[in-house]
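Data block below; observations after.
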Amino acid sequence: MLDSRFDTEQTEADFKAALSDMYQVAGWASHDLGDHAAARRYLTAGLVLGREINALALIAGGFYRLGRVSIHQGRAQEALRLWQLGQIVAQDSGNLAAVAVLHANEAWAYAMLGAADRVSDSLARAKDELGRVDEGTVPAWARFFLAPADLDGISGVIYGCLASHAEHRIRFAPRAIEHAERSYATRGAGEERSRTFDAISIATGYLLDAQPDRAAAAGHQAVDMALATDSVRAADRLQAMATLARQYATHDGVSGVLERVDGRPAADLV
């Protein structure tokens, strides 16, 4: 089909833009279902088509999503490089929302690497760019970041990730809890999946902050919500939370959370 002749260059560009977007949607869906190899194939195909027509918003979105696959698989350096490439494109496009999204996600990669100063800098840049966004110019893939809760939501994930490094735990575990709880409370209708991730971040934060009683209550809520969410990503993050919880395996409340996570086949969590 791509070898077909088009009546005009604009028709060809419109067709390739639509197909690029479809590939990226399919890639993100594959990622959410846990098929990361398929996700990479679809997202790369979408990125190539976007490049053919120099659609900067689609190119930046492709790099963003590919980076999200990498960070989910624990490949922080790879994710960072992808987001830095996307950042160049986003800045060239002049779209501040895309720039903000990529700064925030770069902070996630830096958190996984334990680079606290760079985390703070990237989040500050994301907040600054977000404050200057013209909502009428935001590409479809970046509109989610305009939700009032979203910067807090990813900040909760980022600070939790940073607090997983022992040298940063005391300082950043409380920040992870603060941001995740604020995000959870702020979520609106239609954001149930994001609220599920917030719930997991809250439980994770309390575990990192050595508050097993609160971690147990938050953990049960996170399990309840993950069971109602058709997402392998949510199940994977729940398993990561459970790994942290094992240090409190003799705590009555936490042991109950672990039994619920460990006692169910993975398919029951998605």
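To be explicit about the labels: the chains of the structure tokens are called A, B, and onward in the order shown, and within each one the residues are counted from 1, while ligands get numbers from 1 in the order they are shown.
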### Nearby residues (only C-alpha atoms) at most 12 Å from range 231-235 of chain A, same-chain spacing under 4 positions excluded, as a PyMOL selection string
chain A and resi 28-36+68-69+71-73+192-201+222-227+239-242+261-262+264-270
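Straight-line separation from CA of Asp121 in chain A to CA of Cys161 in chain A: 15.9 Å.
For the pair CA of Leu80 in chain A and CA of Ala60 in chain A, the separation is 13.5 Å.
You can rank A:Gly131, A:Gly188, A:Gly114, A:Gly136 by their closest distance to Ala163 in chain A using only C-alpha atoms, and at the top of that list sits A:Gly114.
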### Message
Please list as number ranges by chain every residue within 10 Å of Gly94 in chain A, counting only C-alpha atoms and excluding residues in the same chain fewer than 4 positions away.
### Response
A: 56-57, 89-90, 98-99, 137
All residues 12 Å or closer to Ala166 in chain A, only C-alpha atoms, same chain fewer than 5 positions away omitted, as an mmCIF file with N, CA and C atoms, in the first residue's frame:
```cif
data_model
loop_
_atom_site.group_PDB
_atom_site.id
_atom_site.type_symbol
_atom_site.label_atom_id
_atom_site.label_comp_id
_atom_site.auth_asym_id
_atom_site.auth_seq_id
_atom_site.Cartn_x
_atom_site.Cartn_y
_atom_site.Cartn_z
ATOM 1 N N GLY A 114 19.997 6.632 39.904
ATOM 2 C CA GLY A 114 20.398 7.177 41.193
ATOM 3 C C GLY A 114 20.971 8.570 41.144
ATOM 4 N N GLY A 160 9.870 7.454 44.108
ATOM 5 C CA GLY A 160 9.924 6.091 44.611
ATOM 6 C C GLY A 160 11.094 5.325 44.021
ATOM 7 N N CYS A 161 11.310 5.520 42.733
ATOM 8 C CA CYS A 161 12.438 4.881 42.065
ATOM 9 C C CYS A 161 13.758 5.377 42.658
ATOM 10 N N ARG A 171 15.488 10.710 52.277
ATOM 11 C CA ARG A 171 15.090 12.008 51.727
ATOM 12 C C ARG A 171 13.905 11.897 50.780
ATOM 13 N N PHE A 172 13.874 10.866 49.954
ATOM 14 C CA PHE A 172 12.919 10.874 48.848
ATOM 15 C C PHE A 172 11.701 9.963 49.021
ATOM 16 N N ALA A 173 11.724 9.008 49.932
ATOM 17 C CA ALA A 173 10.528 8.178 50.138
ATOM 18 C C ALA A 173 9.322 9.017 50.564
ATOM 19 N N LEU A 208 9.045 1.856 51.319
ATOM 20 C CA LEU A 208 10.369 2.467 51.308
ATOM 21 C C LEU A 208 10.589 3.361 52.524
ATOM 22 N N ASP A 209 9.496 3.916 53.047
ATOM 23 C CA ASP A 209 9.578 4.803 54.207
ATOM 24 C C ASP A 209 9.444 4.036 55.527
#
```
